[in-house]
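Colleague: Have a look at the structure that comes next, please.
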Amino acid sequence: MAQATDALYARTLTELASGLKQGEFSSRDLTESLLQRIDEHQARLNTFITVTSDIALQRAAAADKARANGNEGPLNGLPIVHKDLFCTRGVLTTCGSHILGNFVSPYDATVVERINAAGAVMLGKTNMDEFAMGSSNETSYFGPVKNPWNEKLSPGGSSGGSAAAVAARIVPAGTGTDTGGSIRQPAALTGTVGLKPTYGRVSRFGMVAFASSLDQAGVITRSAEDAALLLGVMAGYDPRDSTSVDRPVPDYVAGLSKPVKGLKIGIVRQHFDEGLDAGCEERVKAALAALKEAGATLIEVDLPNIDLSVPAYYVVAPAECSSNMSRFDGVRFGHRADNPQDLLDLYCRTRGEGFGAEVKRRIMIGTYVLSAGYYDAYYLKAQKVRQLISQDFKKAFENVDVIAGPTAPTTAFAIGEKTDDPITMYLNDIYTIGANLAGLPGISVPCGFVDGLPVGLQLVGPHFAEEQILACAHQYQQLTDWHQQGPRDFS
Amino acid sequence: MSSNWEVVIGLEIHNQLATKSKIFSGASTAYGADANTQACLIDLGYPGVLPVLNGEVVRMAAMFGLAVNATVARRSIFARKNYFYPDLPKGYQISQYELPIVENGELMILDEDGNEKRIGITRAHLEEDAGKSVHEGFGQSTGIDLNRAGTPLLEIVSEPDLRSAKQAISYLRKIHAIVRYLEISDGNMQEGSFRCDANVSVRPIGQEELGTRTELKNLNSFRFIEKAINFEIERQIEVLEDGGNVVQETRLYDSDKDETRPMRSKEEANDYRYFPDPDLLPVELDDEFIEAVRQSLPELPDAKLERFIEQYKLKPGDAEILTHSRAVADYFEAVAKETDAIPQVAANWVIGDLSAALNKESIDIAASRIEAAALAGLLNRIADNTISGKIAKQVFDAMWLGEGSADNIIEAKGLKQITDFSAIEGIVDAVIAANPGQLAEYRGGKDKLLGFFVGQVMQQTGGKANPGQVNEILKKKLSGD
């Protein structure tokens, strides 16, 4: 056990940073050891689509040199993996799809650029639901990711590759994207920390779009502290993304020390209605009790329209998706059907072959809801519901600092269990979607186990209150050690 | 036959804005580069890229709106127009749909009877241009050039207020002049900077309800637009008079055959599934911005025309020609201000000799080989009788060839006019003495021969004799007084 905790792979980013600083090991040592660990577990968990060993070793050497020269960035020499929908220059960027199966990006996403500039070492690109459309990682063209807590189970999705890799102590941190819960839900199902920032806090440039008004980049780590460290690097205005917000980036790590005492925590009545697994409910309530014990006040709040969030989401997100997916036409990049007979044949076969069933389903739903004669009844109405949900949150935050509740209705479910029933699958995001519709920051932190499977506590804050939810999550992690418990086979 | 029918025309103008870079990317908009060399990852619609609005297009659209007395929207929204075509990289065009930047404008034109007529401008909205399909040189396939993709367009939509092809052209020319005055477009129709689609229908005179319209595309010169509309009017009337129905469709104009024919139905998209583009924020303009744009507006063609007639006492027809282009008007004014000649003389030279010389070499007036001050110098020498108008043409040609100022050329070539009465008289005497036969005929009543004698005197003097004096002396001597 002592040996295991000493192992580099078991350490958090913050711990690794101090080891590097003290010269306990070099970036090269660290990188080699993690690349080996990736190699050992890839066949078992399928967390990666691409492993970038050569680039990683080069960057590790550069990081060691930078440290020797005394010009280290805030993430100098620290390992990172990127969800495979962040464009990475010269590296395959597939989005988990056959249609981008051969796509090597000619440029870096802003997130990648910033993390590189901070000195981090990219080890590879992680597996994901195709174009981030899915809640189980089963829609990936490259096969499902296995949950390290039980390999028959799904790690959740769509950022399942990053979540499973972090949970399995393969890497300490990975980027993810969250459109309806795609960071927080897999974090909950794998016992990791998943942070989705405020819409506009992190640039979307170079992040392949699923639903542009909902997509936001974030991180999956093993501690709130690590999430704070990474967010500080990723966040900030980007002139290449008109929806990114020009607003100073606070020192998130410094903000972690803010105590829970005096914090007003909102509990949403609707979150504890039917649909929530009893075991999960018990764990979440215990977590809330612990926060209360630490000095927080629990206040019941009402989100009267939150039940409409899933149906509203499944109109808005597919609508934007149907348009965003149009550029994949076999003309300029990506998969192209062999020997097209004419233009229509090129389009139909390229897209027919290139997209999986879930992406096609959403393109069809989205096309339908935007069609003349249906637009008002679906898209416009969904946008109105979205407004109502935003207002509900705004009102709730007049009385509380954060809203806390479950991240997902159940613990991890079996691979294959919900694939034939998209509605049940969609309901897995029932607690997370609201934050996307309203553009709010949210974080999921481990809060215990049910039958040996992790449960997540979700904290949602007002716009740009990342500091607040990170501090609350961090303080909770000072009181508990759930986040330090890893899956047996991987600890 | 057409006398029983009323024609109804509405125009959609696609006007490329003269920005250096594209509407949503930093790539150059310059025309004529090698295929696909001016398309960056954003223009190519690569995965993950995002559009960022070029603020210059907003200013230009606002200028246009104010110039046509329209409302410039305090808040306008970009929307996605979804359809598949290989020259449309993203599979959608970013345009404006429900909330355009300019609405409810108007323009006055002169109708066939010379009466003022108001033409409504429904809206003008910003959008991105598509790329081009290239059909030559690819065998059975079609090439795609995306240099044009993302070039900013201002689409200007008129009300169906135009009642003839002539009115349509008159409206178009006015819009064309305005966008060039505002310097928001080069208006080059050959290069596609200023393109037009026409919606044409006819209805029995007196009928309120509009007839079924067709949309004419591929109209790239004023002449073709007029021909296409006239062809289409005749065609529709023929169809209706034969008891048929006009089919609502898009028709292409074929300038070689001078006819319109239906586009293949495949080329017509139906449901564009517009929705607000989530990648772009609403464009919000405050009063301060709009006021600043208003202050920056130059004098517009109509105002300038009136002023030229009033201030320079020009013939209205000439004033109109001069004010058609801002550069020509500016040139004229510069000449008029510097010369002692009356402004109408300056106008004659600009419209006549200068325009001819520029046209011959396809030179823009801004790049004229003779600058306004130099032309004024030439006109001064006519005004002070140093040279005749005829010699002035010779000096002009020399100036055009870069031989120096009017004064230098007059001096170097000895072109100064002979105004010495006795000198001219001597030459006249010699000419009459040398042509006794013609003298006899003249005196026998053949007055026309005066021209012959004038010619002879001019020849002898190298054209330098003052024409008025020559005439006067000749008449006197020939009649034997």
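Ordering of the structure tokens sets the chain letters (A, B, ...), residue numbers begin anew at 1 in every chain, and ligands are numbered from 1 in the order given.
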DSSP on the backbone, alpha helix (DSSP H) only: what residues of range 223-309 of chain B does that give? Format it as a ChimeraX atom specification.

Modeller: /B:223-241,287-296,301-309

Colleague: Please identify all polymer residues within 8 Å of range 93-97 of chain B, counting only C-alpha atoms, omitting same-chain residues fewer than 3 positions from it, and present them as JSON, numbers by chain.

Modeller: {"B": [76, 77, 78, 79, 80, 81, 82, 83, 88, 90, 100, 101, 125, 126, 127, 128, 129, 130, 274, 277]}

Colleague: For those residues, write C-alpha atoms to a file as a PDB file, in the first residue's frame.

Modeller:
ATOM      1  CA  SER B  76     -29.400  42.563 -35.275  1.00  0.00           C
ATOM      2  CA  ILE B  77     -28.764  38.839 -35.317  1.00  0.00           C
ATOM      3  CA  PHE B  78     -26.761  36.458 -37.455  1.00  0.00           C
ATOM      4  CA  ALA B  79     -28.534  33.270 -38.416  1.00  0.00           C
ATOM      5  CA  ARG B  80     -27.514  30.068 -40.105  1.00  0.00           C
ATOM      6  CA  LYS B  81     -29.031  29.233 -43.468  1.00  0.00           C
ATOM      7  CA  ASN B  82     -28.584  25.499 -43.811  1.00  0.00           C
ATOM      8  CA  TYR B  83     -28.063  23.735 -47.132  1.00  0.00           C
ATOM      9  CA  LEU B  88     -20.487  26.166 -48.949  1.00  0.00           C
ATOM     10  CA  LYS B  90     -19.796  24.624 -43.336  1.00  0.00           C
ATOM     11  CA  PRO B 100     -31.364  42.395 -40.308  1.00  0.00           C
ATOM     12  CA  ILE B 101     -29.078  45.353 -39.707  1.00  0.00           C
ATOM     13  CA  HIS B 125     -28.551  42.362 -44.400  1.00  0.00           C
ATOM     14  CA  LEU B 126     -25.019  41.119 -43.885  1.00  0.00           C
ATOM     15  CA  GLU B 127     -23.926  37.666 -44.934  1.00  0.00           C
ATOM     16  CA  GLU B 128     -20.938  35.699 -46.156  1.00  0.00           C
ATOM     17  CA  ASP B 129     -20.369  34.890 -49.810  1.00  0.00           C
ATOM     18  CA  ALA B 130     -19.951  31.271 -50.902  1.00  0.00           C
ATOM     19  CA  TYR B 274     -32.752  29.198 -40.332  1.00  0.00           C
ATOM     20  CA  ASP B 277     -26.065  31.305 -35.009  1.00  0.00           C
TER      21      ASP B 277
END

Colleague: For chain A, list the residues within 8 Å of chain B, counting only C-alpha atoms, and write the list as a list in words.

Modeller: Phe86, Cys87, Ala109, Arg204, Phe205, Gly206, Met207, Val208, Ala209, Ser212, Ser213, Pro239, Arg240, Asp241, Ser242, Thr243, Ser323, Asn324, Ser326, Arg327, Val331, Arg332, Phe333, Thr367, Leu370, Ser371 and Ala372 of chain A

Colleague: Please identify all polymer residues within 12 Å of Gly330 in chain A, counting only C-alpha atoms, omitting same-chain residues fewer than 4 positions from it, and present them as an MDAnalysis selection string.

Modeller: (chainID A and resid 98:103 325:326 334:340 343:355) or (chainID B and resid 46 84:86 89:91)

Colleague: List as a ChimeraX atom specification the protein and nucleic acid residues near Gly463 in chain B, meaning an atom at most 10 Å away when only C-alpha atoms are counted, but skip any in the same chain fewer than 2 places from it.

Modeller: /B:387-388,390-391,415-418,454-461,465-467

Colleague: Produce a file of the selected residues containing N, CA and C atoms, as a tab-separated table (two decimals), in the first residue's frame.

Modeller:
chain	number	residue	atom	x	y	z
B	387	ILE	N	-3.96	80.07	-76.25
B	387	ILE	CA	-4.14	79.07	-77.31
B	387	ILE	C	-5.62	78.95	-77.63
B	388	SER	N	-5.89	78.38	-78.79
B	388	SER	CA	-7.28	78.12	-79.17
B	388	SER	C	-7.70	76.77	-78.61
B	390	LYS	N	-8.69	74.35	-80.24
B	390	LYS	CA	-8.18	73.29	-81.11
B	390	LYS	C	-6.73	72.96	-80.76
B	391	ILE	N	-5.92	73.98	-80.58
B	391	ILE	CA	-4.53	73.76	-80.18
B	391	ILE	C	-4.49	73.10	-78.81
B	415	LEU	N	3.39	77.05	-79.59
B	415	LEU	CA	1.97	76.96	-79.96
B	415	LEU	C	1.17	78.21	-79.59
B	416	LYS	N	1.86	79.20	-79.08
B	416	LYS	CA	1.16	80.40	-78.64
B	416	LYS	C	0.37	81.01	-79.82
B	417	GLN	N	-0.81	81.37	-79.54
B	417	GLN	CA	-1.72	81.87	-80.56
B	417	GLN	C	-1.23	83.19	-81.19
B	418	ILE	N	-1.38	83.32	-82.51
B	418	ILE	CA	-1.03	84.58	-83.18
B	418	ILE	C	-2.24	85.51	-83.11
B	454	VAL	N	-10.25	79.42	-94.40
B	454	VAL	CA	-9.86	79.34	-92.97
B	454	VAL	C	-8.84	78.23	-92.79
B	455	GLY	N	-9.14	77.08	-93.40
B	455	GLY	CA	-8.23	75.93	-93.31
B	455	GLY	C	-6.84	76.26	-93.81
B	456	GLN	N	-6.83	76.96	-94.95
B	456	GLN	CA	-5.54	77.32	-95.55
B	456	GLN	C	-4.73	78.23	-94.61
B	457	VAL	N	-5.43	79.20	-94.01
B	457	VAL	CA	-4.73	80.12	-93.10
B	457	VAL	C	-4.21	79.36	-91.88
B	458	MET	N	-5.04	78.50	-91.38
B	458	MET	CA	-4.64	77.73	-90.20
B	458	MET	C	-3.44	76.85	-90.51
B	459	GLN	N	-3.48	76.27	-91.70
B	459	GLN	CA	-2.38	75.42	-92.13
B	459	GLN	C	-1.08	76.23	-92.15
B	460	GLN	N	-1.20	77.41	-92.74
B	460	GLN	CA	-0.01	78.27	-92.85
B	460	GLN	C	0.55	78.64	-91.48
B	461	THR	N	-0.37	78.79	-90.51
B	461	THR	CA	0.08	79.25	-89.18
B	461	THR	C	0.25	78.09	-88.20
B	465	ALA	N	-3.15	80.72	-85.43
B	465	ALA	CA	-3.84	81.99	-85.59
B	465	ALA	C	-5.13	81.99	-84.81
B	466	ASN	N	-5.45	83.12	-84.21
B	466	ASN	CA	-6.69	83.21	-83.45
B	466	ASN	C	-7.87	83.05	-84.39
B	467	PRO	N	-8.67	81.99	-84.20
B	467	PRO	CA	-9.72	81.66	-85.17
B	467	PRO	C	-10.71	82.80	-85.38

Colleague: Quick one: residues within 9 Å of range 285-291 of chain B, only C-alpha atoms counted, chain neighbours fewer than 5 positions away excluded, as a VMD selection string?

Modeller: chain B and resid 59 62 to 63 66 72 to 76 296

Colleague: Would you list the contacts of Ala228 in chain A as an MDAnalysis selection string, taking every protein, DNA or RNA residue within 9 Å and counting only C-alpha atoms, but skipping same-chain residues closer than 2 positions in sequence?

Modeller: chainID A and resid 195 223:226 230:233 251:256 466:467 470:471

Colleague: Create the file for the chosen residues now, containing C-alpha atoms and written as a compact mmCIF listing (two decimals), in the first residue's frame.

Modeller:
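Ended up saving to part31.txt:
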# COMPACT_ATOMS: atom_id res chain seq x y z
CA LEU A 195 -15.61 20.57 -13.45
CA SER A 223 -9.12 16.57 -6.54
CA ALA A 224 -10.82 19.95 -6.61
CA GLU A 225 -7.38 21.42 -6.03
CA ASP A 226 -6.12 19.97 -9.34
CA LEU A 230 -5.97 23.52 -14.51
CA LEU A 231 -8.89 25.93 -14.79
CA GLY A 232 -6.57 28.81 -13.98
CA VAL A 233 -4.56 27.92 -17.07
CA ASP A 251 -6.43 32.65 -8.67
CA TYR A 252 -8.61 29.57 -8.22
CA VAL A 253 -6.03 27.71 -6.13
CA ALA A 254 -5.74 30.59 -3.69
CA GLY A 255 -9.55 30.70 -3.49
CA LEU A 256 -9.77 27.11 -2.25
CA GLU A 466 -16.11 28.75 -10.16
CA GLU A 467 -14.11 29.93 -7.16
CA LEU A 470 -14.24 24.79 -6.20
CA ALA A 471 -13.73 26.04 -2.64

Colleague: For the strand (DSSP E or B) assignment from backbone DSSP, which residues of range 90-319 of chain A qualify? Please present them as JSON, numbers by chain.

Modeller: {"A": [92, 104, 121, 122, 123, 124, 125, 126, 147, 150, 153, 173, 174, 175, 176, 177, 178, 193, 194, 195, 196, 202, 207, 216, 217, 218, 219, 220, 221, 235, 264, 265, 266, 267, 268, 297, 298, 299, 300, 301]}

Colleague: May I ask which of the residues B:Asp111, B:Glu371, B:Glu209, B:Asp353 is the closest one to Gly389 in chain B, counting only C-alpha atoms?

Modeller: B:Asp353

Colleague: Applying 6 Å and only C-alpha atoms, which residues near range 448-464 of chain A remain after dropping the ones on its own chain fewer than 6 positions away? List them as a list in words.

Modeller: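 Neighbouring residues, sequence-local ones excluded: Ala188, Leu189, Gly191, Thr198, Gly279, Val284, Val402, Ile403, Ala404, Gly405, Pro406, Thr407, Leu440, Pro441, Gly442 and Trp482 of chain A.
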
Colleague: Compare A:Asn305, A:Gln468, A:Gln216, A:Ser182 by their minimum atom-to-atom distance to Gly200 in chain A, counting only C-alpha atoms, and give me the closest one.

Modeller: A:Gln216

Colleague: How far is it from CA of Val145 in chain A to CA of Gly161 in chain A, in Å with one decimal?

Modeller: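 The value is 6.1 Å.
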
Colleague: Using only C-alpha atoms, can you tell me which of B:Arg173, B:Lys217, B:Arg123, B:Lys304 comes closest to Asn69 in chain B?

Modeller: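 Looking only at the distances to Asn69 in chain B, the closest residue turns out to be B:Arg123.
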